[in-house]
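What follows is the content of my_file23.csv, which has CSV, C-alpha atoms:
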```
chain,number,residue,atom,x,y,z
K,21,MET,CA,56.2,57.0,275.2
K,22,LEU,CA,55.5,53.3,274.5
K,23,ARG,CA,56.7,50.8,277.1
K,24,ILE,CA,56.5,47.1,276.5
K,25,THR,CA,57.3,44.8,279.4
K,26,ILE,CA,57.6,41.2,278.6
K,27,HIS,CA,56.8,38.6,281.3
K,28,ASP,CA,58.1,35.3,280.0
K,29,LYS,CA,56.7,32.3,282.0
K,30,PRO,CA,56.5,28.7,281.0
K,31,ARG,CA,53.7,28.4,278.4
K,32,VAL,CA,52.5,31.9,279.0
K,33,THR,CA,54.0,35.2,277.7
K,34,SER,CA,52.4,38.4,278.6
K,35,PHE,CA,53.1,41.8,277.2
K,36,VAL,CA,52.2,44.8,279.5
K,37,ILE,CA,51.8,47.8,277.3
K,38,GLU,CA,52.0,51.3,278.8
K,39,GLY,CA,51.6,54.7,277.1
K,40,LYS,CA,50.6,55.3,273.5
K,41,LEU,CA,50.2,52.5,271.0
K,42,VAL,CA,50.4,54.8,268.0
K,43,GLY,CA,51.8,55.2,264.5
K,44,PRO,CA,55.1,53.7,263.6
K,45,TRP,CA,55.7,52.4,267.1
K,46,VAL,CA,52.9,49.9,266.7
K,47,GLU,CA,55.4,47.8,264.7
K,48,GLU,CA,57.6,47.5,267.8
K,49,LEU,CA,54.9,45.5,269.6
K,50,GLU,CA,54.4,43.5,266.4
K,51,LYS,CA,58.1,42.6,266.4
K,52,CYS,CA,58.0,41.4,270.0
K,53,TRP,CA,54.9,39.4,269.3
K,54,GLU,CA,56.4,37.8,266.2
K,55,SER,CA,59.6,37.0,268.1
K,56,VAL,CA,57.6,35.1,270.8
K,57,LEU,CA,55.5,33.4,268.2
K,58,ALA,CA,58.6,32.2,266.4
K,59,ALA,CA,60.3,31.0,269.6
K,60,GLU,CA,57.3,29.4,271.2
K,61,PRO,CA,54.4,28.9,268.8
K,62,SER,CA,52.3,27.1,271.4
K,63,SER,CA,52.7,29.7,274.1
K,64,THR,CA,49.6,31.5,275.4
K,65,ILE,CA,50.1,35.2,274.8
K,66,LEU,CA,48.4,37.9,276.9
K,67,VAL,CA,48.4,41.6,276.1
K,68,ASN,CA,47.7,43.8,279.1
K,69,LEU,CA,46.4,47.1,277.9
K,70,THR,CA,45.3,48.5,281.3
K,71,ALA,CA,48.0,51.2,281.2
K,72,VAL,CA,47.5,52.2,277.6
K,73,THR,CA,46.5,55.9,277.2
K,74,PHE,CA,45.9,56.0,273.5
K,75,ILE,CA,45.5,53.7,270.5
K,76,ASP,CA,45.3,54.8,266.9
K,77,TYR,CA,44.1,52.9,263.9
K,78,GLU,CA,47.3,51.0,263.3
K,79,GLY,CA,47.4,50.0,267.0
K,80,ARG,CA,43.8,48.8,266.9
K,81,GLU,CA,44.5,46.9,263.6
K,82,LEU,CA,47.5,45.1,265.2
K,83,LEU,CA,45.4,44.1,268.3
K,84,THR,CA,42.7,42.8,266.0
K,85,ARG,CA,45.2,40.7,264.1
K,86,MET,CA,46.7,39.4,267.4
K,87,ARG,CA,43.2,38.6,268.7
K,88,ARG,CA,42.4,36.7,265.5
K,89,LEU,CA,45.5,34.5,266.2
K,90,GLY,CA,44.3,33.7,269.7
K,91,VAL,CA,46.1,36.4,271.8
K,92,ARG,CA,44.1,37.4,274.8
K,93,LEU,CA,43.6,41.1,275.4
K,94,GLU,CA,43.2,42.5,278.9
K,95,SER,CA,41.8,46.0,279.4
K,96,ALA,CA,40.6,48.4,282.1
K,97,GLY,CA,38.8,51.7,281.8
K,98,LEU,CA,35.9,52.8,279.7
K,99,VAL,CA,37.9,53.6,276.5
K,100,MET,CA,40.1,50.6,276.5
K,101,ASP,CA,37.2,48.3,277.5
K,102,ALA,CA,35.2,49.7,274.6
K,103,ILE,CA,38.0,49.2,272.1
K,104,VAL,CA,38.8,45.7,273.2
K,105,GLY,CA,35.0,45.0,273.2
K,106,GLU,CA,34.8,46.1,269.6
K,107,ILE,CA,37.8,43.9,268.6
K,108,GLU,CA,36.3,40.9,270.4
K,109,ALA,CA,33.0,41.4,268.7
K,110,GLU,CA,34.6,41.8,265.3
K,111,VAL,CA,36.7,38.7,265.7
K,112,GLU,CA,33.7,36.7,267.0
K,113,LYS,CA,31.7,37.8,264.0
K,114,GLU,CA,34.4,36.7,261.7
K,115,ASN,CA,34.6,33.4,263.4
K,116,ASN,CA,30.9,32.9,263.0
K,117,HIS,CA,30.4,34.3,259.5
K,118,GLY,CA,33.9,34.8,258.0
K,119,PRO,CA,35.3,38.3,257.3
K,120,GLU,CA,33.5,40.5,254.8
K,121,ASP,CA,36.4,40.4,252.3
K,122,ARG,CA,36.2,36.6,252.2
K,123,ARG,CA,32.5,36.7,251.6
K,124,SER,CA,32.9,39.1,248.7
K,125,CYS,CA,35.4,36.8,246.9
U,2,MET,CA,14.8,91.9,241.0
U,3,GLY,CA,12.5,89.0,240.8
U,4,LEU,CA,15.4,86.7,241.3
U,5,LYS,CA,16.4,88.5,244.5
U,6,THR,CA,12.9,88.2,245.8
U,7,GLU,CA,13.0,84.4,245.1
U,8,GLU,CA,16.2,84.0,247.0
U,9,ALA,CA,14.9,85.9,250.0
U,10,ALA,CA,11.8,83.8,250.0
U,11,ASP,CA,13.6,80.5,249.7
U,12,PRO,CA,15.7,79.9,252.8
U,13,LYS,CA,17.5,76.8,251.5
U,14,PRO,CA,20.3,78.5,249.5
U,15,ASN,CA,21.1,80.8,252.4
U,16,ILE,CA,21.3,78.0,254.9
U,17,PHE,CA,23.5,76.0,252.6
U,18,TRP,CA,25.7,79.1,252.0
U,19,ARG,CA,25.9,79.8,255.7
U,20,GLU,CA,27.0,76.2,256.4
U,21,VAL,CA,29.8,76.4,253.9
U,22,VAL,CA,31.0,79.7,255.1
U,23,LEU,CA,30.9,78.6,258.7
U,24,SER,CA,33.0,75.6,258.0
U,25,ASP,CA,35.6,77.8,256.2
U,26,GLU,CA,35.5,80.5,258.9
U,27,ALA,CA,35.8,78.2,261.9
U,28,PRO,CA,39.2,76.5,261.6
U,29,ALA,CA,39.3,76.2,265.4
U,30,LYS,CA,36.3,73.8,265.3
U,31,ALA,CA,38.0,71.7,262.7
U,32,GLN,CA,41.3,71.5,264.5
U,33,HIS,CA,40.2,68.6,266.7
U,34,LEU,CA,40.1,66.5,263.5
U,35,THR,CA,43.9,67.0,263.0
U,36,PRO,CA,46.0,64.4,264.8
U,37,PRO,CA,48.3,65.9,267.5
U,38,ALA,CA,51.8,66.7,266.4
U,39,GLU,CA,53.2,63.8,268.4
U,40,ILE,CA,51.3,61.4,266.1
U,41,THR,CA,52.0,63.0,262.8
U,42,GLN,CA,55.7,63.6,263.8
U,43,PRO,CA,56.8,60.5,265.6
U,44,LEU,CA,60.4,61.8,266.3
U,45,ASN,CA,61.4,62.7,269.8
U,46,GLU,CA,59.6,59.6,271.0
U,47,THR,CA,60.7,56.9,273.4
U,48,VAL,CA,60.1,53.2,273.0
U,49,ALA,CA,61.0,51.1,276.1
U,50,LEU,CA,61.3,47.4,276.6
U,51,SER,CA,61.7,45.4,279.8
U,52,ILE,CA,62.7,41.8,279.5
U,53,ALA,CA,63.7,39.0,281.9
U,54,SER,CA,67.3,38.0,282.2
U,55,LYS,CA,67.1,35.4,279.4
U,56,LEU,CA,69.5,35.3,276.4
U,57,GLU,CA,66.7,34.0,274.2
U,58,LEU,CA,65.0,37.4,274.5
U,59,VAL,CA,68.0,39.3,273.2
U,60,GLU,CA,66.8,38.7,269.6
U,61,MET,CA,63.6,40.4,270.3
U,62,VAL,CA,65.5,43.5,271.5
U,63,GLU,CA,67.6,43.4,268.3
U,64,LEU,CA,64.4,43.1,266.1
U,65,VAL,CA,63.0,46.2,267.8
U,66,ALA,CA,66.3,48.1,267.5
U,67,ARG,CA,66.5,47.3,263.8
U,68,SER,CA,62.9,48.4,263.3
U,69,VAL,CA,63.5,51.7,265.1
U,70,THR,CA,66.8,52.5,263.3
U,71,ALA,CA,65.1,51.7,259.9
U,72,LYS,CA,62.3,54.2,260.7
U,73,MET,CA,64.8,56.8,261.7
U,74,GLY,CA,66.6,56.5,258.4
U,75,PHE,CA,69.9,55.0,259.5
U,76,ASP,CA,71.7,53.3,256.7
U,77,GLU,CA,72.2,49.6,256.7
U,78,ASP,CA,75.8,49.7,258.1
U,79,ASP,CA,74.9,52.0,261.0
U,80,SER,CA,71.8,50.0,261.8
U,81,THR,CA,73.9,46.8,262.0
U,82,TRP,CA,76.5,48.5,264.3
U,83,ILE,CA,73.7,49.9,266.6
U,84,GLU,CA,72.1,46.5,266.7
U,85,LEU,CA,75.4,44.9,267.6
U,86,ALA,CA,76.2,47.4,270.3
U,87,ILE,CA,72.7,47.0,271.9
U,88,ARG,CA,73.1,43.3,271.8
U,89,GLU,CA,76.4,43.5,273.6
U,90,ALA,CA,75.0,45.8,276.2
U,91,VAL,CA,72.0,43.6,276.9
U,92,VAL,CA,74.0,40.4,277.0
U,93,ASN,CA,76.5,42.1,279.4
U,94,GLY,CA,73.5,43.1,281.6
U,95,ILE,CA,72.1,39.6,281.6
U,96,LEU,CA,75.5,37.8,282.2
U,97,HIS,CA,77.5,40.1,284.3
U,98,GLY,CA,74.9,42.5,285.7
U,99,ASN,CA,72.0,40.4,286.6
U,100,GLN,CA,73.9,37.1,286.5
U,101,TYR,CA,71.0,35.3,285.0
U,102,SER,CA,68.8,36.1,288.0
U,103,ALA,CA,65.2,35.3,287.2
U,104,ASP,CA,63.8,38.1,289.3
U,105,LYS,CA,66.0,40.8,287.8
U,106,ARG,CA,65.1,42.6,284.6
U,107,ILE,CA,66.9,44.4,281.8
U,108,ASP,CA,65.3,47.7,280.8
U,109,ILE,CA,66.0,49.1,277.4
U,110,GLN,CA,65.0,52.5,276.2
U,111,PHE,CA,65.2,53.8,272.6
U,112,HIS,CA,65.1,57.6,272.6
U,113,VAL,CA,64.4,58.8,269.1
U,114,GLU,CA,65.8,62.2,268.4
U,115,PRO,CA,65.8,64.1,265.1
U,116,GLU,CA,69.6,63.6,264.4
U,117,ALA,CA,70.5,60.7,266.7
U,118,MET,CA,69.3,57.7,268.6
U,119,ALA,CA,70.1,57.3,272.3
U,120,VAL,CA,69.8,53.9,273.8
U,121,TYR,CA,69.8,53.2,277.6
U,122,VAL,CA,70.3,49.7,278.8
U,123,ARG,CA,69.9,49.1,282.5
U,124,ASP,CA,70.5,46.0,284.6
U,125,HIS,CA,69.7,45.5,288.2
U,126,GLY,CA,73.0,44.0,289.3
U,127,GLN,CA,75.8,45.1,291.6
U,128,GLY,CA,77.3,47.5,289.1
U,129,PHE,CA,80.9,47.6,288.0
U,130,ASP,CA,83.8,50.0,287.3
U,131,PRO,CA,84.3,50.1,283.5
U,132,THR,CA,87.8,51.7,284.0
U,133,ARG,CA,89.0,48.5,285.7
U,134,LEU,CA,88.3,46.2,282.9
U,135,PRO,CA,91.2,44.7,281.0
U,136,ASP,CA,92.2,46.3,277.7
U,137,PRO,CA,91.4,43.8,274.9
U,138,LEU,CA,94.0,45.5,272.7
U,139,VAL,CA,96.9,44.8,275.1
U,140,GLU,CA,99.1,42.0,273.6
U,141,GLU,CA,98.4,39.4,276.3
U,142,ASN,CA,94.6,39.9,275.8
U,143,LEU,CA,94.5,39.9,272.1
U,144,LEU,CA,93.6,36.2,271.8
U,145,LYS,CA,91.2,36.2,274.7
U,146,PRO,CA,87.6,35.9,273.6
U,147,SER,CA,86.2,37.8,276.6
U,148,ASN,CA,86.0,41.5,277.6
U,149,ARG,CA,85.3,42.7,274.1
U,150,GLY,CA,81.7,43.8,274.6
U,151,ILE,CA,82.4,47.2,276.1
U,152,PHE,CA,85.2,47.7,273.6
U,153,LEU,CA,82.9,46.9,270.8
U,154,ILE,CA,80.2,49.3,272.1
U,155,ARG,CA,82.7,52.1,272.4
U,156,THR,CA,84.0,51.5,268.9
U,157,LEU,CA,80.6,51.2,267.3
U,158,MET,CA,78.7,54.0,269.0
U,159,ASP,CA,79.5,57.8,268.9
U,160,GLU,CA,78.9,58.3,272.7
U,161,VAL,CA,79.0,55.8,275.5
U,162,GLN,CA,78.6,56.5,279.2
U,163,TYR,CA,78.4,54.1,282.1
U,164,SER,CA,76.7,55.1,285.3
U,165,ALA,CA,75.3,53.6,288.5
U,166,HIS,CA,71.5,53.8,288.7
U,167,PRO,CA,70.4,55.5,292.0
U,168,GLU,CA,68.1,52.5,292.6
U,169,GLY,CA,70.7,50.0,291.9
U,170,GLY,CA,72.3,48.4,288.8
U,171,CYS,CA,74.3,49.8,286.0
U,172,VAL,CA,73.1,52.0,283.1
U,173,VAL,CA,74.8,52.1,279.7
U,174,ARG,CA,73.9,55.2,277.7
U,175,MET,CA,74.8,54.9,274.0
U,176,LYS,CA,74.3,57.4,271.3
U,177,LYS,CA,74.6,57.2,267.5
U,178,TYR,CA,74.3,60.2,265.2
U,179,LYS,CA,72.9,59.8,261.7
U,180,SER,CA,75.5,60.0,259.0
U,181,PRO,CA,75.0,63.0,256.7
U,182,SER,CA,73.4,62.1,253.4
U,183,ASN,CA,75.2,62.7,250.1
U,184,GLU,CA,73.0,65.7,249.5
U,185,GLN,CA,74.0,67.2,252.8
U,186,ILE,CA,77.7,66.6,252.1
U,187,LEU,CA,77.4,68.3,248.7
U,188,ALA,CA,75.4,71.2,250.1
U,189,SER,CA,78.0,71.9,252.8
```

Represent the structure contained in this file as structure tokens.
Amino acid sequence: MLRITIHDKPRVTSFVIEGKLVGPWVEELEKCWESVLAAEPSSTILVNLTAVTFIDYEGRELLTRMRRLGVRLESAGLVMDAIVGEIEAEVEKENNHGPEDRRSC
Amino acid sequence: MGLKTEEAADPKPNIFWREVVLSDEAPAKAQHLTPPAEITQPLNETVALSIASKLELVEMVELVARSVTAKMGFDEDDSTWIELAIREAVVNGILHGNQYSADKRIDIQFHVEPEAMAVYVRDHGQGFDPTRLPDPLVEENLLKPSNRGIFLIRTLMDEVQYSAHPEGGCVVRMKKYKSPSNEQILAS
């Protein structure tokens, strides 16, 4: 079960994610995100992950892409805090040094 | 004989051999590396969306619906009909159910089944009696642009049910079965 609740306020859109962010259903969150980006490019976007029970590789990759484009991630719990911490560190490292694939070009 | 003695004296080959055999003989230990069936087989899953009563968010629901139907293998026509039916149900919920109320939400659930997709759309309004709606096919209603949403949903989907939610609001349950492929038709 993946549940996405969209709270649409002026200048801030938040996605509350519940359940498992896994496999092909990761794309559903991506569609929602793209839709908000297209409608309100300047809107601040928050993703609340406190009720997420499981994230797979695709889910983590999407969250990393979202974070790179300025989406704020909110988490709670050891596992989700650790995953979000890793994503934050990865994006911060890229911002400071550039991603590895860029360096290799 | 000398070779055997050397093997016995040298523990390395035996340790290596034991490690290999252990990994072959202990499938239970390796099972944790296999993703659960729910991840490798995403069918029978549910994706739920909850949106505010804003028409500009309907497109988001359509995008998600199209994405789900594509993954399920619905053909282009069926995907379009499903998307249109969901759009009508969500718009009805926003306009007639929630009446644009900012504090009322529309909840949409996509239930993915092996042979069909069931979609639930719930509003938080006062509810209505679908049997009391005017028939858009009656001559005096043919040119009226309204009251076609439910007719469209019933036409486009295989099963449609309306019910009152116990906590308030109306629930539309729609179901669309996958069309049999050419191979299935030939096989039958």

Should the cut-off be 10 Å, what would the residue list for chain U against chain K look like, counting all atoms listed in the file, as a ChimeraX atom specification? /U:36,39-43,45-55,57-58,60-69,72,106-112

May I have the residues within 9 Å of segment 82-84 of chain K as a ChimeraX atom specification, using all atoms listed in the file and disregarding those fewer than 3 positions away in the same chain? /K:46-47,49-50,67,77-79,87-89,91,93,104,107-108,110-111

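The spacing separating atom CA of Asn99 of chain U from atom CA of Arg123 of chain U amounts to 9.8 Å.
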
For a test of reading the model, state the distance in Å between atom CA of Gly94 of chain U and atom CA of Phe129 of chain U, rounded to one decimal. 10.8 Å

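From atom CA of Asp101 of chain K back to atom CA of Ser62 of chain K, the distance works out to 26.7 Å.
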
Choose the residue, out of U:Asp78, U:Asp124, U:Glu116, U:Asp104, that has the smallest atom-to-atom separation from Val173 of chain U; count only C-alpha atoms.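 Going through U:Asp78, U:Asp124, U:Glu116, U:Asp104 one by one, the smallest distance to Val173 of chain U is for U:Asp124.
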
Contacts of Lys179 of chain U at 12 Å or less, counting only C-alpha atoms, minus same-chain residues fewer than 4 places along, as an mmCIF file with C-alpha atoms, in the frame of the given file?
```cif
data_model
loop_
_atom_site.group_PDB
_atom_site.id
_atom_site.type_symbol
_atom_site.label_atom_id
_atom_site.label_comp_id
_atom_site.auth_asym_id
_atom_site.auth_seq_id
_atom_site.Cartn_x
_atom_site.Cartn_y
_atom_site.Cartn_z
ATOM 1 C CA THR U 70 66.800 52.500 263.300
ATOM 2 C CA ALA U 71 65.100 51.700 259.900
ATOM 3 C CA MET U 73 64.800 56.800 261.700
ATOM 4 C CA GLY U 74 66.600 56.500 258.400
ATOM 5 C CA PHE U 75 69.900 55.000 259.500
ATOM 6 C CA ASP U 76 71.700 53.300 256.700
ATOM 7 C CA GLU U 77 72.200 49.600 256.700
ATOM 8 C CA ASP U 78 75.800 49.700 258.100
ATOM 9 C CA ASP U 79 74.900 52.000 261.000
ATOM 10 C CA SER U 80 71.800 50.000 261.800
ATOM 11 C CA ILE U 83 73.700 49.900 266.600
ATOM 12 C CA VAL U 113 64.400 58.800 269.100
ATOM 13 C CA GLU U 114 65.800 62.200 268.400
ATOM 14 C CA PRO U 115 65.800 64.100 265.100
ATOM 15 C CA GLU U 116 69.600 63.600 264.400
ATOM 16 C CA ALA U 117 70.500 60.700 266.700
ATOM 17 C CA MET U 118 69.300 57.700 268.600
ATOM 18 C CA ALA U 119 70.100 57.300 272.300
ATOM 19 C CA MET U 158 78.700 54.000 269.000
ATOM 20 C CA ASP U 159 79.500 57.800 268.900
ATOM 21 C CA GLN U 185 74.000 67.200 252.800
#
```
